[in-house]
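Chemist: What follows is entry.csv, made up of CSV, C-alpha atoms:
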chain,number,residue,atom,x,y,z
A,229,MET,CA,6.3,27.0,10.7
A,230,LEU,CA,10.0,27.8,10.1
A,231,SER,CA,10.7,31.6,10.0
A,232,TYR,CA,13.0,34.2,11.4
A,233,ASP,CA,12.6,34.6,15.2
A,234,PRO,CA,14.3,37.7,16.8
A,235,ASP,CA,16.7,36.7,19.5
A,236,ASP,CA,20.1,37.4,21.0
A,237,THR,CA,21.7,34.0,20.4
A,238,LEU,CA,25.2,33.4,19.1
A,239,ALA,CA,23.8,32.5,15.7
A,240,HIS,CA,21.8,35.7,15.5
A,241,ARG,CA,24.9,37.8,16.0
A,242,LEU,CA,26.8,36.1,13.2
A,243,ASP,CA,27.1,37.5,9.7
A,244,PRO,CA,24.9,35.7,7.3
A,245,ARG,CA,27.8,34.9,5.0
A,246,SER,CA,29.6,32.9,7.7
A,247,LYS,CA,26.4,31.0,8.4
A,248,LEU,CA,25.9,30.2,4.7
A,249,ALA,CA,29.5,29.0,4.6
A,250,VAL,CA,28.7,26.6,7.4
A,251,GLN,CA,25.6,25.4,5.6
A,252,PHE,CA,27.5,24.6,2.5
A,253,GLY,CA,30.4,22.9,4.3
A,254,PHE,CA,28.1,20.8,6.5
A,255,ALA,CA,26.0,19.7,3.5
A,256,ALA,CA,29.2,18.7,1.6
A,257,THR,CA,30.6,16.6,4.4
A,258,ALA,CA,27.2,15.1,5.2
A,259,LEU,CA,26.8,13.9,1.7
A,260,ALA,CA,30.3,12.6,1.5
A,261,HIS,CA,30.5,10.5,4.6
A,262,THR,CA,28.2,7.6,5.5
A,263,SER,CA,30.0,5.7,8.2
A,264,PRO,CA,28.4,5.4,11.7
A,265,ARG,CA,31.3,7.3,13.2
A,266,ALA,CA,30.8,10.1,10.8
A,267,LEU,CA,27.1,10.2,11.5
A,268,VAL,CA,27.8,10.5,15.2
A,269,ALA,CA,30.2,13.4,14.6
A,270,LEU,CA,27.7,15.1,12.3
A,271,THR,CA,25.0,14.7,15.0
A,272,ALA,CA,27.2,16.4,17.5
A,273,VAL,CA,27.8,19.3,15.1
A,274,THR,CA,24.1,19.6,14.4
A,275,ALA,CA,23.3,19.7,18.1
A,276,ALA,CA,25.9,22.4,18.6
A,277,ILE,CA,24.4,24.5,15.8
A,278,LEU,CA,20.8,24.0,17.1
A,279,LEU,CA,22.0,25.2,20.6
A,280,ALA,CA,23.8,28.2,19.1
A,281,ALA,CA,20.5,29.3,17.4
A,282,ARG,CA,18.3,28.1,20.2
A,283,VAL,CA,16.1,26.1,17.8
A,284,PRO,CA,13.1,24.3,19.4
A,285,LEU,CA,13.6,20.8,18.2
A,286,LEU,CA,10.1,19.5,18.6
A,287,GLU,CA,8.6,22.5,16.7
A,288,THR,CA,11.2,22.1,14.0
A,289,LEU,CA,10.4,18.4,13.5
A,290,SER,CA,6.7,19.2,13.4
A,291,ALA,CA,7.4,21.8,10.6
A,292,TYR,CA,9.3,19.1,8.7
A,293,ARG,CA,6.7,16.4,9.3
A,294,PHE,CA,5.9,15.9,5.7
A,295,ALA,CA,9.5,15.6,4.7
A,296,LEU,CA,10.0,13.2,7.7
A,297,GLY,CA,7.3,11.0,6.3
A,298,PHE,CA,9.2,10.6,3.0
A,299,LEU,CA,12.5,10.1,4.8
A,300,ALA,CA,11.0,7.4,7.0
A,301,LEU,CA,9.4,5.6,4.0
A,302,ALA,CA,12.5,5.6,1.9
A,303,PRO,CA,14.4,2.9,3.9
A,304,VAL,CA,11.3,0.6,3.9
A,305,LEU,CA,11.0,0.9,0.1
A,306,ALA,CA,14.7,0.4,-0.4
A,307,ALA,CA,14.7,-2.8,1.7
A,308,LEU,CA,11.9,-4.4,-0.4
A,309,THR,CA,12.9,-6.7,-3.3
A,310,PHE,CA,10.9,-8.4,-6.1
A,311,GLY,CA,12.0,-11.8,-5.1
A,312,PRO,CA,13.4,-13.9,-2.3
A,313,PRO,CA,14.4,-13.0,0.3
A,314,TRP,CA,11.9,-10.1,-0.3
A,315,ILE,CA,13.6,-7.9,2.3
A,316,ASP,CA,17.3,-6.8,2.0
A,317,PRO,CA,18.4,-5.2,5.3
A,318,ALA,CA,21.6,-3.9,3.8
A,319,ASP,CA,19.8,-1.7,1.3
A,320,GLY,CA,17.4,-0.5,3.9
A,321,LEU,CA,20.2,0.4,6.3
A,322,ALA,CA,22.0,2.3,3.6
A,323,SER,CA,18.9,4.2,2.7
A,324,ALA,CA,18.2,4.9,6.4
A,325,ARG,CA,21.7,6.4,6.8
A,326,ALA,CA,21.0,8.6,3.8
A,327,SER,CA,17.7,9.7,5.2
A,328,TYR,CA,19.3,10.6,8.5
A,329,ARG,CA,22.0,12.7,6.8
A,330,VAL,CA,19.2,14.6,5.0
A,331,LEU,CA,17.5,15.2,8.3
A,332,LEU,CA,20.6,16.6,9.8
A,333,VAL,CA,21.0,19.0,6.8
A,334,LEU,CA,17.4,20.1,7.3
A,335,LEU,CA,18.0,20.8,11.0
A,336,VAL,CA,21.0,22.9,10.2
A,337,SER,CA,19.0,24.8,7.6
A,338,ALA,CA,16.3,25.4,10.3
A,339,ALA,CA,19.0,27.1,12.5
A,340,TYR,CA,19.9,29.4,9.7
A,341,VAL,CA,16.3,30.3,8.9
A,342,ARG,CA,15.5,31.0,12.5
A,343,SER,CA,18.6,33.3,13.0
A,344,THR,CA,18.7,35.2,9.7
A,345,THR,CA,16.3,37.8,8.3
A,346,VAL,CA,15.3,37.7,4.7
A,347,ARG,CA,17.0,41.0,3.9
A,348,ASP,CA,20.2,39.8,5.4
A,349,SER,CA,20.1,36.6,3.4
A,350,ARG,CA,19.5,38.6,0.2
A,351,ALA,CA,22.3,40.9,1.0
A,352,ALA,CA,24.7,38.1,1.7
A,353,ILE,CA,23.9,36.4,-1.7
A,354,GLN,CA,24.0,39.5,-3.8
A,355,ARG,CA,27.3,40.6,-2.3
A,356,THR,CA,28.9,37.2,-2.7
A,357,ILE,CA,27.7,36.6,-6.3
A,358,PRO,CA,28.2,39.7,-8.3
A,359,GLY,CA,26.1,41.0,-11.2
A,360,LYS,CA,22.7,40.0,-12.4
A,361,PRO,CA,23.0,36.3,-11.3
A,362,GLY,CA,23.5,37.4,-7.7
A,363,GLN,CA,20.5,39.8,-7.9
A,364,LEU,CA,18.3,37.1,-9.5
A,365,LEU,CA,19.3,34.5,-6.9
A,366,GLY,CA,18.8,37.0,-4.1
A,367,VAL,CA,15.4,38.0,-5.2
A,368,GLY,CA,14.4,34.3,-5.6
A,369,VAL,CA,15.6,33.5,-2.1
A,370,ALA,CA,13.8,36.5,-0.6
A,371,LEU,CA,10.5,35.6,-2.4
A,372,VAL,CA,10.7,32.0,-1.4
A,373,PHE,CA,11.2,32.9,2.3
A,374,ARG,CA,8.3,35.3,2.2
A,375,PHE,CA,5.9,33.4,-0.1
A,376,LEU,CA,6.2,29.9,1.3
A,377,PRO,CA,4.8,30.6,4.8
A,378,VAL,CA,1.8,32.3,3.2
A,379,LEU,CA,1.2,29.3,1.0
A,380,GLN,CA,1.5,27.0,4.0
A,381,ALA,CA,-1.1,29.1,5.9
A,382,ASP,CA,-3.4,28.9,2.9
A,383,LEU,CA,-3.2,25.1,2.9
A,384,ARG,CA,-4.0,25.0,6.6
A,385,THR,CA,-7.0,27.2,6.0
A,386,ILE,CA,-8.2,25.0,3.2
A,387,ARG,CA,-7.7,21.9,5.3
A,388,ASP,CA,-9.6,23.4,8.3
A,389,ALA,CA,-12.4,24.5,6.0
A,390,MET,CA,-12.7,20.9,4.6
A,391,ALA,CA,-12.7,19.4,8.0
A,392,ALA,CA,-15.5,21.8,9.1
A,393,ARG,CA,-17.6,20.6,6.2
A,394,LEU,CA,-16.9,16.9,7.0
A,395,GLY,CA,-14.4,16.7,4.2
A,396,ASP,CA,-12.3,14.4,6.4
A,397,GLU,CA,-14.9,11.7,5.8
A,398,ARG,CA,-14.1,11.6,2.1
A,399,SER,CA,-11.6,9.2,0.6
A,400,ALA,CA,-7.9,10.1,0.8
A,401,THR,CA,-7.7,10.5,-3.0
A,402,GLU,CA,-10.6,12.9,-3.1
A,403,ARG,CA,-9.2,14.9,-0.2
A,404,ALA,CA,-5.7,15.1,-1.7
A,405,SER,CA,-7.1,16.2,-5.1
A,406,THR,CA,-9.4,18.9,-3.6
A,407,LEU,CA,-6.6,20.2,-1.4
A,408,GLY,CA,-4.2,20.2,-4.4
A,409,LEU,CA,-6.6,22.0,-6.8
A,410,LEU,CA,-7.6,24.6,-4.2
A,411,GLY,CA,-4.0,25.1,-3.1
A,412,LEU,CA,-2.8,25.7,-6.7
A,413,SER,CA,-5.7,28.1,-7.3
A,414,ARG,CA,-4.8,30.1,-4.2
A,415,ALA,CA,-1.1,30.0,-5.1
A,416,PHE,CA,-1.8,31.5,-8.5
A,417,ASP,CA,-4.0,34.2,-7.0
A,418,ARG,CA,-1.3,35.0,-4.5
A,419,ALA,CA,1.3,35.2,-7.3
A,420,ASP,CA,-0.8,37.7,-9.3
A,421,ARG,CA,-1.3,39.8,-6.2
A,422,LEU,CA,2.4,39.7,-5.4
A,423,ALA,CA,3.3,40.8,-8.9
A,424,LEU,CA,0.9,43.7,-8.8
A,425,ALA,CA,2.2,44.7,-5.3
A,426,MET,CA,5.8,44.6,-6.6
A,427,GLN,CA,4.9,46.8,-9.5
A,428,ALA,CA,3.0,49.3,-7.3
A,429,ARG,CA,6.0,49.6,-5.0
A,430,CYS,CA,8.4,50.1,-7.9
A,431,PHE,CA,10.3,46.8,-7.4
A,432,ALA,CA,14.0,47.2,-7.8
A,433,TRP,CA,16.5,44.5,-8.7
A,434,ASN,CA,19.2,46.2,-6.7
A,435,PRO,CA,17.7,48.0,-3.7
A,436,THR,CA,19.5,49.4,-0.7
A,437,LEU,CA,20.4,46.4,1.3
A,438,PRO,CA,21.5,46.3,5.0
A,439,ALA,CA,25.2,46.7,5.6
A,440,LEU,CA,27.0,43.5,6.5
A,441,SER,CA,30.2,43.3,8.5
A,442,LEU,CA,32.3,40.5,9.9
A,443,SER,CA,32.9,40.4,13.6
A,444,ARG,CA,35.5,38.5,15.6
A,445,LEU,CA,32.8,35.8,16.1
A,446,ASP,CA,32.6,35.2,12.4
A,447,TYR,CA,36.2,34.2,11.7
A,448,PRO,CA,36.2,31.0,13.9
A,449,VAL,CA,32.9,30.1,12.2
A,450,PHE,CA,34.5,30.5,8.8
A,451,GLY,CA,37.2,28.2,10.0
A,452,VAL,CA,34.6,25.6,11.0
A,453,ALA,CA,33.0,25.9,7.5
A,454,VAL,CA,36.4,25.4,5.8
A,455,ALA,CA,37.1,22.4,8.0
A,456,LEU,CA,33.7,20.9,7.2
A,457,ALA,CA,34.3,21.4,3.5
A,458,LEU,CA,37.8,19.9,3.6
A,459,SER,CA,36.5,16.9,5.5
A,460,ALA,CA,34.3,16.1,2.6
A,461,LEU,CA,37.4,15.5,0.5
A,462,VAL,CA,39.1,13.2,3.1
Can you turn what I pasted into C-alpha coordinates?

Modeler:
Amino acid sequence: MLSYDPDDTLAHRLDPRSKLAVQFGFAATALAHTSPRALVALTAVTAAILLAARVPLLETLSAYRFALGFLALAPVLAALTFGPPWIDPADGLASARASYRVLLVLLVSAAYVRSTTVRDSRAAIQRTIPGKPGQLLGVGVALVFRFLPVLQADLRTIRDAMAARLGDERSATERASTLGLLGLSRAFDRADRLALAMQARCFAWNPTLPALSLSRLDYPVFGVAVALALSALV
(Lines of atoms letter the chains of each structure in order from A and count residues from 1; the text may use other names and numbers.)
(Lines give C-alpha, C1' and ligand atoms only; values in the text may rest on other atoms or scores of the structure.)
Protein backbone atom coordinates (compact mmCIF):
# COMPACT_ATOMS: atom_id res chain seq x y z
CA MET A 1 0.00 0.00 0.00
CA LEU A 2 1.37 3.40 -0.96
CA SER A 3 1.54 5.78 2.00
CA TYR A 4 3.90 8.16 3.77
CA ASP A 5 6.86 6.44 5.40
CA PRO A 6 8.97 8.51 7.84
CA ASP A 7 12.62 8.53 6.84
CA ASP A 8 15.62 10.82 6.51
CA THR A 9 16.16 10.57 2.77
CA LEU A 10 16.91 13.47 0.47
CA ALA A 11 13.31 13.48 -0.76
CA HIS A 12 11.97 13.64 2.80
CA ARG A 13 14.01 16.77 3.49
CA LEU A 14 12.70 18.64 0.45
CA ASP A 15 9.85 21.14 0.52
CA PRO A 16 6.65 19.60 -0.91
CA ARG A 17 6.34 22.47 -3.39
CA SER A 18 9.62 21.58 -5.07
CA LYS A 19 8.57 17.92 -5.24
CA LEU A 20 5.23 18.87 -6.78
CA ALA A 21 7.07 20.97 -9.37
CA VAL A 22 9.18 17.95 -10.32
CA GLN A 23 6.00 15.87 -10.57
CA PHE A 24 4.42 18.29 -13.03
CA GLY A 25 7.60 18.77 -15.03
CA PHE A 26 8.24 15.05 -15.30
CA ALA A 27 4.65 14.29 -16.35
CA ALA A 28 4.78 17.01 -19.00
CA THR A 29 7.99 15.80 -20.60
CA ALA A 30 6.95 12.11 -20.33
CA LEU A 31 3.76 12.81 -22.25
CA ALA A 32 5.54 14.95 -24.83
CA HIS A 33 8.38 12.60 -25.83
CA THR A 34 7.95 9.07 -27.17
CA SER A 35 11.31 8.23 -28.77
CA PRO A 36 13.40 5.35 -27.36
CA ARG A 37 16.18 7.79 -26.44
CA ALA A 38 13.72 9.90 -24.45
CA LEU A 39 12.39 6.82 -22.68
CA VAL A 40 15.92 5.84 -21.65
CA ALA A 41 16.52 9.34 -20.25
CA LEU A 42 13.19 9.32 -18.42
CA THR A 43 13.99 5.91 -16.96
CA ALA A 44 17.28 7.26 -15.60
CA VAL A 45 15.50 10.25 -14.05
CA THR A 46 12.90 7.92 -12.51
CA ALA A 47 15.61 5.71 -11.04
CA ALA A 48 17.31 8.76 -9.49
CA ILE A 49 14.01 9.92 -7.95
CA LEU A 50 13.27 6.46 -6.55
CA LEU A 51 16.73 6.32 -5.00
CA ALA A 52 16.34 9.81 -3.54
CA ALA A 53 13.12 8.71 -1.79
CA ARG A 54 14.40 5.16 -1.09
CA VAL A 55 11.29 3.63 -2.65
CA PRO A 56 11.04 -0.19 -2.51
CA LEU A 57 10.48 -1.01 -6.16
CA LEU A 58 8.91 -4.46 -5.76
CA GLU A 59 6.45 -3.27 -3.11
CA THR A 60 5.51 -0.29 -5.26
CA LEU A 61 4.91 -2.46 -8.32
CA SER A 62 2.80 -4.78 -6.16
CA ALA A 63 0.71 -1.79 -5.02
CA TYR A 64 0.21 -0.84 -8.67
CA ARG A 65 -0.56 -4.39 -9.80
CA PHE A 66 -4.09 -3.59 -10.98
CA ALA A 67 -2.92 -0.59 -12.98
CA LEU A 68 -0.06 -2.68 -14.37
CA GLY A 69 -2.59 -5.21 -15.65
CA PHE A 70 -4.35 -2.54 -17.71
CA LEU A 71 -1.04 -1.10 -18.91
CA ALA A 72 0.10 -4.55 -20.06
CA LEU A 73 -3.21 -5.29 -21.77
CA ALA A 74 -3.35 -2.01 -23.71
CA PRO A 75 -0.56 -2.87 -26.22
CA VAL A 76 -2.15 -6.26 -26.95
CA LEU A 77 -5.51 -4.70 -27.71
CA ALA A 78 -3.92 -1.92 -29.75
CA ALA A 79 -2.06 -4.43 -31.92
CA LEU A 80 -5.21 -6.39 -32.82
CA THR A 81 -7.03 -5.50 -36.04
CA PHE A 82 -10.41 -6.55 -37.46
CA GLY A 83 -8.91 -7.84 -40.68
CA PRO A 84 -5.68 -9.10 -42.21
CA PRO A 85 -2.94 -9.06 -41.03
CA TRP A 86 -4.91 -9.25 -37.71
CA ILE A 87 -1.92 -7.97 -35.74
CA ASP A 88 -0.29 -4.58 -36.30
CA PRO A 89 3.07 -4.52 -34.45
CA ALA A 90 3.50 -0.77 -35.02
CA ASP A 91 0.30 0.10 -33.15
CA GLY A 92 1.18 -2.32 -30.37
CA LEU A 93 4.65 -0.83 -30.01
CA ALA A 94 3.27 2.72 -29.85
CA SER A 95 0.81 1.68 -27.16
CA ALA A 96 3.58 -0.13 -25.24
CA ARG A 97 5.67 3.05 -25.20
CA ALA A 98 2.66 4.99 -23.92
CA SER A 99 2.05 2.41 -21.19
CA TYR A 100 5.69 2.55 -20.15
CA ARG A 101 5.55 6.35 -19.86
CA VAL A 102 2.49 6.07 -17.64
CA LEU A 103 4.33 3.54 -15.47
CA LEU A 104 7.23 5.97 -15.04
CA VAL A 105 4.84 8.73 -13.98
CA LEU A 106 3.25 6.37 -11.43
CA LEU A 107 6.66 5.47 -10.00
CA VAL A 108 7.61 9.13 -9.63
CA SER A 109 4.26 9.74 -7.91
CA ALA A 110 5.02 6.88 -5.52
CA ALA A 111 8.25 8.63 -4.50
CA TYR A 112 6.26 11.77 -3.69
CA VAL A 113 3.67 9.87 -1.65
CA ARG A 114 6.31 8.00 0.33
CA SER A 115 8.26 11.15 1.23
CA THR A 116 5.47 13.68 1.88
CA THR A 117 2.91 13.84 4.67
CA VAL A 118 -0.72 14.59 3.91
CA ARG A 119 -0.61 17.84 5.90
CA ASP A 120 2.45 19.03 3.98
CA SER A 121 0.75 18.24 0.66
CA ARG A 122 -2.33 20.19 1.69
CA ALA A 123 -0.23 23.12 2.88
CA ALA A 124 1.73 23.19 -0.38
CA ILE A 125 -1.45 23.22 -2.48
CA GLN A 126 -3.29 25.84 -0.43
CA ARG A 127 -0.30 28.17 -0.37
CA THR A 128 0.32 27.78 -4.10
CA ILE A 129 -3.33 28.21 -5.18
CA PRO A 130 -4.92 31.10 -3.24
CA GLY A 131 -8.50 31.41 -2.08
CA LYS A 132 -11.32 28.89 -2.02
CA PRO A 133 -10.07 26.89 -5.05
CA GLY A 134 -6.83 26.11 -3.22
CA GLN A 135 -8.68 25.21 -0.03
CA LEU A 136 -11.08 22.94 -1.91
CA LEU A 137 -8.25 21.23 -3.79
CA GLY A 138 -6.19 20.87 -0.61
CA VAL A 139 -9.07 19.27 1.27
CA GLY A 140 -9.75 16.95 -1.66
CA VAL A 141 -6.15 15.78 -1.84
CA ALA A 142 -5.99 15.27 1.93
CA LEU A 143 -9.19 13.21 1.95
CA VAL A 144 -8.06 11.06 -0.97
CA PHE A 145 -4.71 10.28 0.65
CA ARG A 146 -6.40 9.37 3.94
CA PHE A 147 -9.54 7.69 2.58
CA LEU A 148 -8.10 5.55 -0.23
CA PRO A 149 -5.91 3.29 2.00
CA VAL A 150 -8.97 2.64 4.20
CA LEU A 151 -11.03 1.59 1.19
CA GLN A 152 -8.22 -0.65 -0.04
CA ALA A 153 -8.07 -2.33 3.37
CA ASP A 154 -11.85 -2.86 3.28
CA LEU A 155 -11.61 -4.53 -0.14
CA ARG A 156 -8.88 -6.85 1.11
CA THR A 157 -11.03 -7.75 4.12
CA ILE A 158 -14.02 -8.51 1.88
CA ARG A 159 -11.86 -10.59 -0.47
CA ASP A 160 -10.39 -12.57 2.44
CA ALA A 161 -13.85 -13.18 3.89
CA MET A 162 -15.09 -14.43 0.51
CA ALA A 163 -12.12 -16.78 0.22
CA ALA A 164 -12.76 -18.14 3.72
CA ARG A 165 -16.32 -18.97 2.63
CA LEU A 166 -15.14 -20.69 -0.57
CA GLY A 167 -16.11 -17.66 -2.61
CA ASP A 168 -13.07 -18.19 -4.82
CA GLU A 169 -14.86 -21.22 -6.29
CA ARG A 170 -17.57 -19.02 -7.79
CA SER A 171 -17.40 -17.60 -11.29
CA ALA A 172 -15.30 -14.51 -11.96
CA THR A 173 -18.41 -12.44 -12.77
CA GLU A 174 -20.12 -13.39 -9.51
CA ARG A 175 -16.99 -12.68 -7.48
CA ALA A 176 -16.50 -9.29 -9.14
CA SER A 177 -20.15 -8.27 -8.64
CA THR A 178 -20.11 -9.34 -4.98
CA LEU A 179 -16.87 -7.53 -4.32
CA GLY A 180 -18.11 -4.42 -6.11
CA LEU A 181 -21.45 -4.26 -4.27
CA LEU A 182 -19.94 -4.91 -0.85
CA GLY A 183 -17.10 -2.48 -1.57
CA LEU A 184 -19.53 0.30 -2.56
CA SER A 185 -21.67 -0.35 0.50
CA ARG A 186 -18.62 -0.17 2.76
CA ALA A 187 -17.40 3.00 0.98
CA PHE A 188 -20.74 4.79 1.55
CA ASP A 189 -20.71 3.74 5.21
CA ARG A 190 -17.18 5.07 5.54
CA ALA A 191 -18.17 8.34 3.86
CA ASP A 192 -21.09 8.84 6.28
CA ARG A 193 -18.86 8.17 9.27
CA LEU A 194 -16.21 10.49 7.88
CA ALA A 195 -18.73 13.32 7.43
CA LEU A 196 -19.99 12.84 11.00
CA ALA A 197 -16.43 12.78 12.35
CA MET A 198 -15.55 15.98 10.47
CA GLN A 199 -18.61 17.75 11.90
CA ALA A 200 -17.84 16.52 15.42
CA ARG A 201 -14.31 17.90 15.13
CA CYS A 202 -15.48 21.29 13.80
CA PHE A 203 -13.96 20.82 10.37
CA ALA A 204 -12.34 24.01 9.09
CA TRP A 205 -11.64 24.92 5.47
CA ASN A 206 -8.54 26.88 6.45
CA PRO A 207 -6.91 25.23 9.48
CA THR A 208 -3.48 26.00 10.86
CA LEU A 209 -1.17 24.20 8.46
CA PRO A 210 2.50 23.34 9.00
CA ALA A 211 5.01 26.00 8.08
CA LEU A 212 6.87 25.43 4.83
CA SER A 213 10.28 26.82 3.98
CA LEU A 214 12.61 26.34 1.05
CA SER A 215 16.12 25.15 1.82
CA ARG A 216 19.27 25.16 -0.27
CA LEU A 217 18.38 21.66 -1.43
CA ASP A 218 15.11 22.86 -2.96
CA TYR A 219 16.54 25.38 -5.43
CA PRO A 220 18.43 22.80 -7.56
CA VAL A 221 15.28 20.64 -7.48
CA PHE A 222 13.25 23.58 -8.81
CA GLY A 223 15.87 23.91 -11.53
CA VAL A 224 15.37 20.26 -12.47
CA ALA A 225 11.60 20.80 -12.55
CA VAL A 226 11.96 23.80 -14.87
CA ALA A 227 14.34 21.87 -17.14
CA LEU A 228 11.87 18.98 -17.34
CA ALA A 229 9.00 21.32 -18.16
CA LEU A 230 11.01 23.14 -20.84
CA SER A 231 12.12 19.85 -22.37
CA ALA A 232 8.45 19.08 -23.05
CA LEU A 233 8.41 22.08 -25.42
CA VAL A 234 11.53 21.05 -27.34

Chemist: Could you tell me how far atom CA of Ala352 of chain A sits from atom CA of Leu248 of chain A, in Å to one decimal place?

Modeler: 8.5 Å

Chemist: Could you give me, as a list in words, the residues within 9 Å of Leu299 of chain A, counting only C-alpha atoms and dropping anything in the same chain fewer than 5 positions from it?

Modeler: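 Surrounding residues, per the criterion: Phe294, Ser323, Ala324, Ala326, Ser327, Tyr328, Val330 and Leu331 of chain A.
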
Chemist: Suppose you want the space between atom CA of Val341 of chain A and atom CA of Ser231 of chain A; what is it in Å?

Modeler: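 The value is 5.9 Å.
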
Chemist: Can you work out the spacing between atom CA of Ala423 of chain A and atom CA of Leu437 of chain A in Å, to one decimal?

Modeler: 20.7 Å

Chemist: I'd like the neighbourhood of Ala269 of chain A as a short mmCIF file (atom, residue, chain, number, x, y, z; two decimals) with C-alpha atoms, in the frame of the given file, where a residue qualifies if any of its atoms comes within 12 Å (using only C-alpha atoms), though same-chain residues fewer than 6 positions away should be ignored.

Modeler:
data_model
loop_
_atom_site.label_atom_id
_atom_site.label_comp_id
_atom_site.auth_asym_id
_atom_site.auth_seq_id
_atom_site.Cartn_x
_atom_site.Cartn_y
_atom_site.Cartn_z
CA PHE A 254 28.10 20.80 6.50
CA THR A 257 30.60 16.60 4.40
CA ALA A 258 27.20 15.10 5.20
CA HIS A 261 30.50 10.50 4.60
CA THR A 262 28.20 7.60 5.50
CA SER A 263 30.00 5.70 8.20
CA ALA A 275 23.30 19.70 18.10
CA ALA A 276 25.90 22.40 18.60
CA ARG A 329 22.00 12.70 6.80
CA LEU A 332 20.60 16.60 9.80
CA LEU A 456 33.70 20.90 7.20
CA SER A 459 36.50 16.90 5.50
#

Chemist: Restricting the calculation to only C-alpha atoms: of A:Ala415, A:Leu308, A:Pro358, A:Ser405, which residue gets closest to Gln380 of chain A?

Modeler: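 Selected residue with least distance to Gln380 of chain A: A:Ala415.
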
Chemist: Which residue is closest to Ala339 of chain A? Choose from A:Thr274, A:Ser441, A:Thr385, A:Ser413 and count only C-alpha atoms.

Modeler: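 The answer is A:Thr274, which sits nearest to Ala339 of chain A.
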
Chemist: Between A:Ala280, A:Gln251, A:Arg245, A:Leu440, single out the one closest to Thr356 of chain A, counting only C-alpha atoms.

Modeler: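 Of A:Ala280, A:Gln251, A:Arg245, A:Leu440, the one nearest Thr356 of chain A, counting only C-alpha atoms, is A:Arg245.
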
Chemist: Which of these, A:Val454, A:Ala400, A:Leu376, A:Leu445, has the shortest distance to Arg418 of chain A once you count all atoms listed in the file?

Modeler: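 Counting all atoms listed in the file, the residue closest to Arg418 of chain A is A:Leu376.
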
Chemist: With all atoms listed in the file as the atoms that count, which of A:Leu407, A:Ala457, A:Leu305, A:Leu442 lies nearest to Ile386 of chain A?

Modeler: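 The closest residue to Ile386 of chain A is A:Leu407.
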
Chemist: Taking into account only C-alpha atoms, which residue in the set A:Leu458, A:Leu279, A:Ala381, A:Ala351 is nearest to Leu335 of chain A?

Modeler: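 Nearest to Leu335 of chain A: A:Leu279.
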
Chemist: Contacts of Ala453 of chain A at 7 Å or less, counting only C-alpha atoms, minus same-chain residues fewer than 4 places along, as a PyMOL selection string?

Modeler: chain A and resi 249-250+253+449+457
